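Participant: Dropping in work.txt, which is compact mmCIF, C-alpha atoms:
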# COMPACT_ATOMS: atom_id res chain seq x y z
CA MET A 1 110.83 117.06 107.37
CA LYS A 2 109.11 119.36 109.84
CA ALA A 3 106.85 117.25 112.04
CA PHE A 4 107.18 117.14 115.81
CA ASN A 5 104.92 114.17 116.54
CA ILE A 6 103.11 111.31 114.83
CA GLU A 7 99.82 113.23 114.76
CA GLU A 8 101.46 115.93 112.66
CA LEU A 9 102.68 113.27 110.22
CA ARG A 10 99.14 111.95 110.13
CA ARG A 11 97.81 115.40 109.19
CA VAL A 12 100.41 115.76 106.41
CA ALA A 13 99.36 112.37 105.04
CA GLN A 14 95.70 113.38 105.29
CA ARG A 15 96.29 116.54 103.24
CA ARG A 16 98.25 114.67 100.58
CA LEU A 17 95.99 111.65 100.10
CA PRO A 18 92.53 111.42 98.57
CA ARG A 19 89.94 111.06 101.29
CA ALA A 20 89.09 107.50 100.26
CA VAL A 21 92.71 106.33 100.47
CA PHE A 22 93.40 108.12 103.75
CA ASN A 23 90.28 106.70 105.38
CA PHE A 24 91.22 103.19 104.26
CA ILE A 25 94.55 103.62 106.11
CA ASP A 26 93.24 105.58 109.09
CA GLY A 27 89.86 104.03 109.78
CA GLY A 28 88.51 101.23 111.93
CA ALA A 29 85.46 99.03 112.20
CA GLU A 30 81.90 100.28 112.71
CA ASP A 31 81.78 103.13 115.28
CA GLU A 32 85.57 102.89 115.78
CA ARG A 33 85.33 102.52 119.55
CA THR A 34 88.17 100.00 119.59
CA LEU A 35 90.31 102.18 117.34
CA ARG A 36 89.93 105.11 119.75
CA ASP A 37 90.28 102.99 122.87
CA ASN A 38 93.61 101.56 121.71
CA CYS A 39 95.04 105.06 122.04
CA ALA A 40 92.95 106.07 125.06
CA ALA A 41 94.24 103.07 127.02
CA PHE A 42 97.70 104.64 127.10
CA SER A 43 96.21 107.85 128.47
CA ARG A 44 94.75 105.92 131.40
CA VAL A 45 98.23 104.79 132.51
CA ARG A 46 100.16 107.22 134.72
CA LEU A 47 103.90 107.15 135.41
CA LEU A 48 105.64 107.38 138.77
CA PRO A 49 109.18 108.62 138.00
CA LYS A 50 112.30 108.22 140.08
CA MET A 51 114.41 111.32 140.75
CA LEU A 52 118.11 112.15 141.11
CA ILE A 53 119.32 109.38 138.83
CA ASP A 54 122.23 109.93 136.43
CA VAL A 55 120.52 109.66 133.04
CA SER A 56 123.25 111.23 130.95
CA SER A 57 123.71 107.92 129.10
CA ILE A 58 120.69 105.95 127.89
CA GLN A 59 120.78 102.46 126.37
CA THR A 60 117.78 101.43 124.24
CA LYS A 61 119.11 98.09 123.00
CA THR A 62 117.07 95.07 123.94
CA SER A 63 116.26 91.54 122.86
CA ILE A 64 113.22 90.84 120.70
CA LEU A 65 112.40 87.24 119.92
CA GLY A 66 115.88 86.18 121.02
CA LYS A 67 117.91 88.66 118.95
CA GLU A 68 119.26 92.13 119.63
CA SER A 69 117.27 95.16 118.52
CA ARG A 70 118.41 98.77 118.84
CA LEU A 71 114.96 99.74 120.09
CA PRO A 72 112.13 97.82 121.80
CA LEU A 73 110.16 98.37 118.61
CA ALA A 74 109.17 96.37 115.52
CA ILE A 75 107.24 97.36 112.42
CA ALA A 76 103.78 95.81 112.29
CA PRO A 77 102.51 94.42 108.99
CA THR A 78 100.44 96.88 106.98
CA GLY A 79 98.95 95.99 103.61
CA ALA A 80 98.50 97.98 100.40
CA VAL A 81 101.03 100.65 101.42
CA GLY A 82 101.75 101.43 97.77
CA PHE A 83 98.35 103.08 97.44
CA GLY A 84 99.58 105.75 99.84
CA TRP A 85 103.11 106.14 98.44
CA PRO A 86 104.71 104.29 95.51
CA GLY A 87 107.28 101.89 96.94
CA GLY A 88 106.01 102.59 100.45
CA ASP A 89 106.59 99.02 101.66
CA LEU A 90 110.24 99.23 100.69
CA ALA A 91 110.60 102.68 102.28
CA ILE A 92 109.40 101.32 105.62
CA ALA A 93 111.59 98.19 105.35
CA ARG A 94 114.68 100.27 104.56
CA ALA A 95 114.05 102.55 107.52
CA ALA A 96 113.61 99.56 109.84
CA ALA A 97 116.96 98.15 108.70
CA ARG A 98 118.57 101.54 109.22
CA PHE A 99 117.22 101.71 112.79
CA GLY A 100 118.16 98.10 113.52
CA ILE A 101 114.63 96.92 114.29
CA PRO A 102 112.50 94.08 112.85
CA TYR A 103 110.24 94.71 109.87
CA SER A 104 107.09 92.67 109.18
CA LEU A 105 106.01 92.29 105.55
CA SER A 106 102.29 91.92 105.06
CA MET A 107 101.05 89.14 102.82
CA SER A 108 98.97 91.86 101.08
CA ALA A 109 101.95 94.15 100.49
CA THR A 110 102.59 95.86 97.18
CA THR A 111 106.21 94.65 97.12
CA SER A 112 107.28 91.05 96.78
CA ILE A 113 108.75 88.86 99.49
CA GLU A 114 111.96 88.49 97.52
CA HIS A 115 112.35 92.17 96.58
CA ILE A 116 112.17 93.26 100.22
CA ALA A 117 114.78 90.64 101.18
CA GLU A 118 117.08 91.85 98.40
CA LYS A 119 116.70 95.60 98.82
CA ALA A 120 116.20 95.95 102.58
CA PRO A 121 118.22 93.22 104.28
CA GLY A 122 117.66 93.31 108.00
CA ARG A 123 115.50 91.45 110.48
CA LEU A 124 112.58 90.36 108.33
CA TRP A 125 109.34 88.81 109.53
CA PHE A 126 106.57 87.61 107.19
CA GLN A 127 102.89 87.93 108.09
CA ALA A 128 100.41 85.43 106.66
CA TYR A 129 96.64 85.35 106.49
CA PHE A 130 95.14 81.96 105.83
CA LEU A 131 93.06 81.67 102.70
CA LYS A 132 90.69 78.91 101.68
CA GLN A 133 93.43 78.01 99.21
CA ARG A 134 95.68 76.82 102.01
CA ASP A 135 98.33 75.51 99.66
CA TYR A 136 98.73 79.04 98.32
CA THR A 137 99.36 80.42 101.78
CA PHE A 138 101.84 77.63 102.50
CA GLY A 139 103.54 78.48 99.21
CA LEU A 140 104.06 82.06 100.33
CA ILE A 141 105.38 80.83 103.66
CA GLU A 142 107.89 78.65 101.82
CA ARG A 143 108.97 81.63 99.72
CA ALA A 144 109.59 83.60 102.90
CA ARG A 145 111.68 80.74 104.30
CA ALA A 146 113.73 80.54 101.09
CA ALA A 147 114.28 84.32 101.15
CA GLY A 148 115.72 84.17 104.67
CA TYR A 149 112.89 85.64 106.76
CA GLU A 150 113.64 84.87 110.40
CA ALA A 151 110.09 84.73 111.73
CA LEU A 152 106.56 84.00 110.60
CA ILE A 153 103.48 85.79 111.96
CA VAL A 154 100.14 84.03 111.61
CA THR A 155 97.31 86.56 111.89
CA ALA A 156 94.44 84.86 113.69
CA ASP A 157 91.79 87.59 113.93
CA VAL A 158 90.58 87.78 110.32
CA PRO A 159 88.22 84.85 109.74
CA VAL A 160 86.12 87.49 107.97
CA GLY A 161 86.76 91.15 107.31
CA GLY A 162 85.60 93.86 109.70
CA LYS A 163 82.85 96.30 108.74
CA ARG A 164 84.85 99.44 107.92
CA GLU A 165 82.18 102.04 107.35
CA ARG A 166 84.49 104.90 106.40
CA ASP A 167 85.26 102.95 103.22
CA TYR A 168 81.55 102.72 102.43
CA ARG A 169 81.05 106.45 102.91
CA THR A 170 83.87 107.37 100.53
CA ASP A 171 82.86 104.82 97.89
CA PHE A 172 86.04 102.86 98.61
CA THR A 173 84.77 99.41 97.77
CA VAL A 174 86.17 96.20 96.38
CA PRO A 175 85.82 95.65 93.54
CA PHE A 176 86.57 99.36 93.16
CA ARG A 177 83.87 101.52 91.62
CA TYR A 178 84.72 104.81 89.98
CA THR A 179 82.05 107.27 91.04
CA PRO A 180 81.72 111.04 90.64
CA LYS A 181 82.65 111.36 94.33
CA ASN A 182 85.87 109.38 93.86
CA LEU A 183 86.87 111.09 90.64
CA LEU A 184 86.48 114.49 92.29
CA ASP A 185 88.40 113.20 95.30
CA PHE A 186 91.34 112.08 93.15
CA ALA A 187 91.32 115.22 91.03
CA SER A 188 91.54 117.40 94.12
CA HIS A 189 94.82 115.69 95.09
CA PRO A 190 96.90 116.10 91.91
CA ALA A 191 100.29 115.31 93.50
CA TRP A 192 99.04 111.90 94.62
CA ALA A 193 97.28 111.24 91.31
CA LEU A 194 100.31 112.17 89.21
CA SER A 195 102.56 110.03 91.37
CA GLN A 196 100.30 107.03 90.89
CA LEU A 197 100.12 107.63 87.15
CA ARG A 198 103.89 107.96 86.91
CA HIS A 199 104.64 104.77 88.80
CA GLY A 200 101.56 102.79 87.78
CA MET A 201 98.83 101.54 90.07
CA PRO A 202 100.27 99.23 92.73
CA LYS A 203 99.63 95.50 92.71
CA LEU A 204 99.24 93.00 95.51
CA VAL A 205 102.13 91.08 94.00
CA ASN A 206 102.33 88.26 96.53
CA LEU A 207 98.67 87.39 95.97
CA ALA A 208 98.56 87.34 92.17
CA GLY A 209 98.03 83.58 92.13
CA VAL A 210 94.91 83.75 94.29
CA ALA A 211 92.83 85.00 91.35
CA PRO A 212 95.01 84.82 88.22
CA GLU A 213 92.08 85.95 86.09
CA ALA A 214 91.83 89.26 87.98
CA ARG A 215 92.74 92.20 85.77
CA SER A 216 93.00 94.84 88.46
CA THR A 217 94.23 95.19 92.01
CA SER A 218 90.70 95.91 93.20
CA ALA A 219 89.37 92.72 91.59
CA LEU A 220 92.22 90.80 93.21
CA ALA A 221 91.53 92.40 96.59
CA SER A 222 87.92 91.37 96.29
CA SER A 223 88.93 87.79 95.51
CA VAL A 224 91.30 87.71 98.47
CA ALA A 225 88.61 89.06 100.82
CA ARG A 226 86.23 86.33 99.67
CA SER A 227 89.02 83.78 100.15
CA ASN A 228 89.61 84.41 103.88
CA ASP A 229 89.40 81.08 105.66
CA PRO A 230 86.82 81.17 108.49
CA SER A 231 87.72 77.57 109.36
CA LEU A 232 91.26 78.46 110.50
CA ASP A 233 91.81 76.72 113.83
CA TRP A 234 94.46 75.38 116.20
CA GLU A 235 95.01 72.30 114.07
CA VAL A 236 96.12 74.49 111.17
CA LEU A 237 98.49 76.36 113.48
CA LYS A 238 99.92 73.00 114.52
CA VAL A 239 100.66 72.20 110.86
CA VAL A 240 102.32 75.59 110.43
CA ARG A 241 104.53 74.87 113.44
CA GLU A 242 105.56 71.55 111.90
CA ARG A 243 106.44 73.12 108.55
CA TRP A 244 108.04 76.43 109.58
CA PRO A 245 111.61 76.01 110.88
CA GLY A 246 112.07 79.54 112.23
CA LYS A 247 110.44 81.57 114.96
CA LEU A 248 106.63 81.50 114.95
CA MET A 249 104.30 84.15 116.33
CA VAL A 250 100.52 84.45 116.47
CA LYS A 251 98.99 87.91 116.07
CA GLY A 252 95.53 88.95 117.23
CA ILE A 253 95.59 87.36 120.68
CA LEU A 254 93.58 89.12 123.42
CA ARG A 255 92.95 86.27 125.88
CA ALA A 256 95.40 84.64 128.28
CA ASP A 257 94.06 81.15 127.56
CA ASP A 258 94.59 81.62 123.82
CA ALA A 259 98.13 82.82 124.51
CA GLU A 260 98.79 79.74 126.63
CA ARG A 261 97.52 77.43 123.92
CA ALA A 262 99.69 79.12 121.28
CA VAL A 263 102.78 78.67 123.42
CA GLU A 264 101.88 75.03 124.14
CA LEU A 265 101.78 74.46 120.37
CA GLY A 266 105.33 75.76 120.09
CA CYS A 267 104.95 79.44 119.25
CA GLU A 268 107.86 81.55 120.43
CA GLY A 269 105.90 84.78 120.36
CA VAL A 270 102.43 86.18 120.99
CA ILE A 271 101.33 89.54 119.58
CA VAL A 272 98.61 91.15 121.68
CA SER A 273 96.49 92.96 119.10
CA ASN A 274 92.95 93.75 117.98
CA HIS A 275 94.06 94.52 114.40
CA GLY A 276 94.26 98.23 115.06
CA GLY A 277 90.53 98.40 115.74
CA ARG A 278 89.78 97.30 112.18
CA GLN A 279 88.08 94.00 112.94
CA LEU A 280 85.85 93.41 116.00
CA GLU A 281 84.08 96.53 117.24
CA SER A 282 84.18 96.89 121.04
CA ALA A 283 87.10 94.48 121.39
CA VAL A 284 89.25 95.20 124.43
CA ALA A 285 92.07 97.70 123.94
CA ALA A 286 95.33 95.90 123.26
CA LEU A 287 97.08 97.56 126.21
CA ASP A 288 94.30 96.50 128.61
CA ALA A 289 94.59 92.91 127.39
CA LEU A 290 98.36 92.85 127.86
CA PRO A 291 98.91 92.27 131.63
CA PRO A 292 97.01 88.96 132.00
CA ILE A 293 98.73 87.59 128.90
CA VAL A 294 102.13 88.58 130.28
CA ARG A 295 101.30 86.83 133.55
CA ALA A 296 100.26 83.70 131.67
CA VAL A 297 103.10 83.30 129.16
CA GLY A 298 105.63 86.09 129.67
CA SER A 299 108.20 83.73 131.18
CA LYS A 300 107.82 81.23 128.32
CA ALA A 301 107.55 83.34 125.17
CA SER A 302 108.02 86.82 123.76
CA VAL A 303 104.95 89.02 124.24
CA LEU A 304 104.63 92.01 121.92
CA LEU A 305 101.98 94.75 122.03
CA ASP A 306 100.45 96.06 118.80
CA GLY A 307 97.79 98.76 118.84
CA GLY A 308 97.57 102.48 119.57
CA VAL A 309 101.29 103.25 119.84
CA ARG A 310 101.67 106.90 118.79
CA ARG A 311 104.34 108.09 121.24
CA GLY A 312 107.63 106.82 122.56
CA GLY A 313 106.02 107.16 125.98
CA ASP A 314 103.37 104.64 124.87
CA ALA A 315 106.14 102.13 124.22
CA PHE A 316 107.53 102.84 127.69
CA LYS A 317 104.14 102.14 129.30
CA ALA A 318 103.73 98.86 127.41
CA LEU A 319 107.20 97.75 128.51
CA ALA A 320 106.36 98.67 132.11
CA LEU A 321 103.28 96.44 131.83
CA GLY A 322 105.43 93.54 130.71
CA ALA A 323 105.68 93.65 126.92
CA GLN A 324 109.05 92.68 125.48
CA ALA A 325 108.53 95.23 122.71
CA VAL A 326 105.83 97.12 120.85
CA MET A 327 104.87 97.08 117.21
CA THR A 328 103.87 100.15 115.25
CA GLY A 329 101.82 100.12 112.07
CA ARG A 330 100.04 103.40 111.55
CA ALA A 331 102.88 105.63 112.85
CA THR A 332 105.31 104.58 110.12
CA LEU A 333 102.48 104.27 107.61
CA TYR A 334 101.57 107.92 108.18
CA GLY A 335 105.23 108.79 107.68
CA ALA A 336 105.44 106.85 104.43
CA CYS A 337 102.24 108.43 103.09
CA ALA A 338 103.43 111.90 104.09
CA ALA A 339 106.90 111.84 102.55
CA GLY A 340 108.11 108.37 101.57
CA ASP A 341 111.51 107.38 102.95
CA GLU A 342 111.99 110.73 104.65
CA GLY A 343 108.64 110.48 106.40
CA VAL A 344 109.27 106.97 107.73
CA VAL A 345 112.67 107.97 109.09
CA ARG A 346 111.06 110.98 110.73
CA ALA A 347 108.41 108.79 112.36
CA LEU A 348 111.03 106.46 113.83
CA ASP A 349 113.17 109.40 114.92
CA ILE A 350 110.18 110.84 116.80
CA LEU A 351 109.35 107.57 118.56
CA SER A 352 113.00 106.92 119.44
CA ASP A 353 113.56 110.43 120.80
CA GLU A 354 110.36 110.32 122.87
CA LEU A 355 111.27 106.93 124.32
CA VAL A 356 114.74 108.15 125.36
CA ARG A 357 113.28 111.33 126.85
CA THR A 358 110.66 109.36 128.81
CA MET A 359 113.37 107.06 130.14
CA GLN A 360 115.44 110.04 131.28
CA LEU A 361 112.49 111.74 132.93
CA CYS A 362 111.54 108.51 134.71
CA GLY A 363 115.08 107.88 135.95
CA VAL A 364 115.89 104.69 134.02
CA ARG A 365 118.99 104.10 131.92
CA ARG A 366 118.34 100.71 130.31
CA ILE A 367 115.29 98.98 128.87
CA ALA A 368 115.59 96.21 131.46
CA GLU A 369 114.94 98.78 134.22
CA ILE A 370 111.47 99.59 132.88
CA ASP A 371 108.90 97.73 134.96
CA ALA A 372 105.67 98.12 136.93
CA HIS A 373 107.27 100.03 139.83
CA LEU A 374 107.31 103.06 137.48
CA LEU A 375 103.52 102.99 137.15
CA PHE A 376 101.17 104.87 139.45
CA SER A 377 98.61 102.50 140.91
CA GLY A 378 96.96 104.68 143.56
Write the structure described by the file as structure tokens, please.

Facilitator:
Amino acid sequence: MKAFNIEELRRVAQRRLPRAVFNFIDGGAEDERTLRDNCAAFSRVRLLPKMLIDVSSIQTKTSILGKESRLPLAIAPTGAVGFGWPGGDLAIARAAARFGIPYSLSMSATTSIEHIAEKAPGRLWFQAYFLKQRDYTFGLIERARAAGYEALIVTADVPVGGKRERDYRTDFTVPFRYTPKNLLDFASHPAWALSQLRHGMPKLVNLAGVAPEARSTSALASSVARSNDPSLDWEVLKVVRERWPGKLMVKGILRADDAERAVELGCEGVIVSNHGGRQLESAVAALDALPPIVRAVGSKASVLLDGGVRRGGDAFKALALGAQAVMTGRATLYGACAAGDEGVVRALDILSDELVRTMQLCGVRRIAEIDAHLLFSG
């Protein structure tokens, strides 16, 4: 498809989707300062390229969490993708397998743990929120283990949901309320509406047992939101470590001392993230939080950066600041919502091409050569 950057994919998705659905995907918490600052942080970093280096051959392979990846990139977990494109979760997972990079399935996905493992075999990670019904969360974790997922991501920054005001303004609430504003919104996007009617409204299939009496996805989403466990603490993470035999990562870490504690408990990976600006307003930008965490645990565990990555050059900057890899959520989500499988592949093509081009222009041939000496500090 014809899109030259991730922002153009975003605009295609915006035109195709009802305003309420697009804002749910695109928006952040409160005044969205953190959402904007995640991207702005990359703009504050300047590169100091080396010249007269033979860059005719570029190698993007690297190691992520102890295994080879064709790119220093992994797909971040994003929930409810099916509301943007039917089968969107599977489209993103298939593209990740095609590009040889890890894919993270959200606990609130609209495709089951087992279906993803069957239809998109590749490097699969499972992301879990902890609910008050802890046995239910542990049941999902066991399903992921049985399905062959190599890593588990525990998301730590959602003891309660963020205040996402765009959803209020577009009447996107849970439980969902049909209002004249929403009905007009849906009617003005007939391609999206017909697609949803043809395929049926998506379901949060992995969470059906949380509220078995729920008769709609919106009622289920409301039950799940009320079920978030604000008492999640380090003791629970210790139990997870004891039960999960594979690689374990914690997502939502912004402090070096929290990263150190996670690694001391046996986590192999730390994901530096503020939930895409969707949780705590005025939280530090993920990129700004990265360097002290790398200094604290970078020699002991994998450190990944999640938040604000919209260019291959952004990935380059995060690697130069010490990240082992970056995760992207919205970039591939925009692609999926714009054009399904084709859109996701286009998003990953864009990021891959921009990363290679940045490497060439900075005079580096391998991922291992990307470090802080390529950053301008004057």

Participant: I'd like to know which of A:Ile367, A:Ala191, A:Ile75, A:Arg243 is closest to A:Leu304, using all atoms listed in the file.

Facilitator: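 Under the stated criterion, the closest residue is A:Ile75.
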
Participant: Using only C-alpha atoms, find the one residue out of A:Thr110, A:Ser231, A:Thr60, A:Ser282 that sits nearest to A:Met201.

Facilitator: A:Thr110

Participant: May I ask which of the residues A:Pro180, A:Pro18, A:Gly84, A:Gly162 is the closest one to A:Arg330, counting all atoms listed in the file?

Facilitator: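 Comparing A:Pro180, A:Pro18, A:Gly84, A:Gly162 against A:Arg330, the winner is A:Gly84.
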
Participant: So how many Å separate atom CA of A:Ile92 and atom CA of A:Gln59, to one decimal?

Facilitator: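 Between atom CA of A:Ile92 and atom CA of A:Gln59 the gap works out to 23.7 Å.
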
Participant: One number please: atom CA of A:Asp233 to atom CA of A:Ala262, in Å, one decimal.

Facilitator: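 A separation of 11.1 Å between them.
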
Participant: Smallest atom-to-atom distance to A:Pro245: which of A:Ala156, A:Glu30, A:Ser104, A:Ala151, using only C-alpha atoms?

Facilitator: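 Nearest candidate to A:Pro245 out of A:Ala156, A:Glu30, A:Ser104, A:Ala151: A:Ala151.
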
Participant: Near A:Ala95, within 9 Å and counting only C-alpha atoms, which residues show up once chain neighbours fewer than 2 positions away are dropped, as a ChimeraX atom specification?

Facilitator: /A:90-93,97-101,120,341-342,344-345,348

Participant: Could you give me, as a VMD selection string, the residues that have an atom at most 7 Å away from the point (117.8, 113.6, 134.6) in the coordinates of the file, using all atoms listed in the file?

Facilitator: chain A and resid 52 to 56 360 to 361 363

Participant: Excluding A:Met1 and its own-chain neighbours fewer than 3 positions away, which residues fall within 12 Å of it when counting only C-alpha atoms? Please give them as a ChimeraX atom specification.

Facilitator: /A:4-5,8-9,12,335-336,338-347,349-350

Participant: Box along x, y and z, 8 Å on every side, all listed atoms of stretch 230-244 of chain A inside: centre and edge lengths in Å to one decimal, as JSON.

Facilitator:
{"center_x": 97.4, "center_y": 76.4, "center_z": 112.3, "size_x": 37.2, "size_y": 25.6, "size_z": 23.7}

Participant: Point out the residue among A:Tyr136, A:Tyr129, A:Tyr168, A:Phe42 with the least atom-to-atom distance to A:Leu319, counting only C-alpha atoms.

Facilitator: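 Closest to A:Leu319, using only C-alpha atoms: A:Phe42.
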
Participant: What residues have an atom no more than 12 Å from (99.2, 76.6, 129.8) in the file's own frame, counting only C-alpha atoms, and can you write them as a short mmCIF file (atom, residue, chain, number, x, y, z; two decimals) with C-alpha atoms, in the coordinates of the input?

Facilitator:
data_model
loop_
_atom_site.label_atom_id
_atom_site.label_comp_id
_atom_site.auth_asym_id
_atom_site.auth_seq_id
_atom_site.Cartn_x
_atom_site.Cartn_y
_atom_site.Cartn_z
CA ALA A 256 95.40 84.64 128.28
CA ASP A 257 94.06 81.15 127.56
CA ASP A 258 94.59 81.62 123.82
CA ALA A 259 98.13 82.82 124.51
CA GLU A 260 98.79 79.74 126.63
CA ARG A 261 97.52 77.43 123.92
CA ALA A 262 99.69 79.12 121.28
CA VAL A 263 102.78 78.67 123.42
CA GLU A 264 101.88 75.03 124.14
CA LEU A 265 101.78 74.46 120.37
CA GLY A 266 105.33 75.76 120.09
CA ILE A 293 98.73 87.59 128.90
CA ARG A 295 101.30 86.83 133.55
CA ALA A 296 100.26 83.70 131.67
CA VAL A 297 103.10 83.30 129.16
CA GLY A 298 105.63 86.09 129.67
CA SER A 299 108.20 83.73 131.18
CA LYS A 300 107.82 81.23 128.32
CA ALA A 301 107.55 83.34 125.17
#

Participant: What gap, in Å, lies between atom CA of A:Arg10 and atom CA of A:Thr332?

Facilitator: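 Between atom CA of A:Arg10 and atom CA of A:Thr332 the gap is 9.6 Å.
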
Participant: Using all atoms listed in the file, can you tell me which of A:Thr358, A:Gln279, A:Gln324, A:Ser302 comes closest to A:Thr34?

Facilitator: A:Gln279

Participant: Set the distance at 8 Å and use all atoms listed in the file: which residues neighbour A:Arg143 once local chain neighbours fewer than 4 positions away are removed? I'd like the list as a ChimeraX atom specification.

Facilitator: /A:113-114,139,147
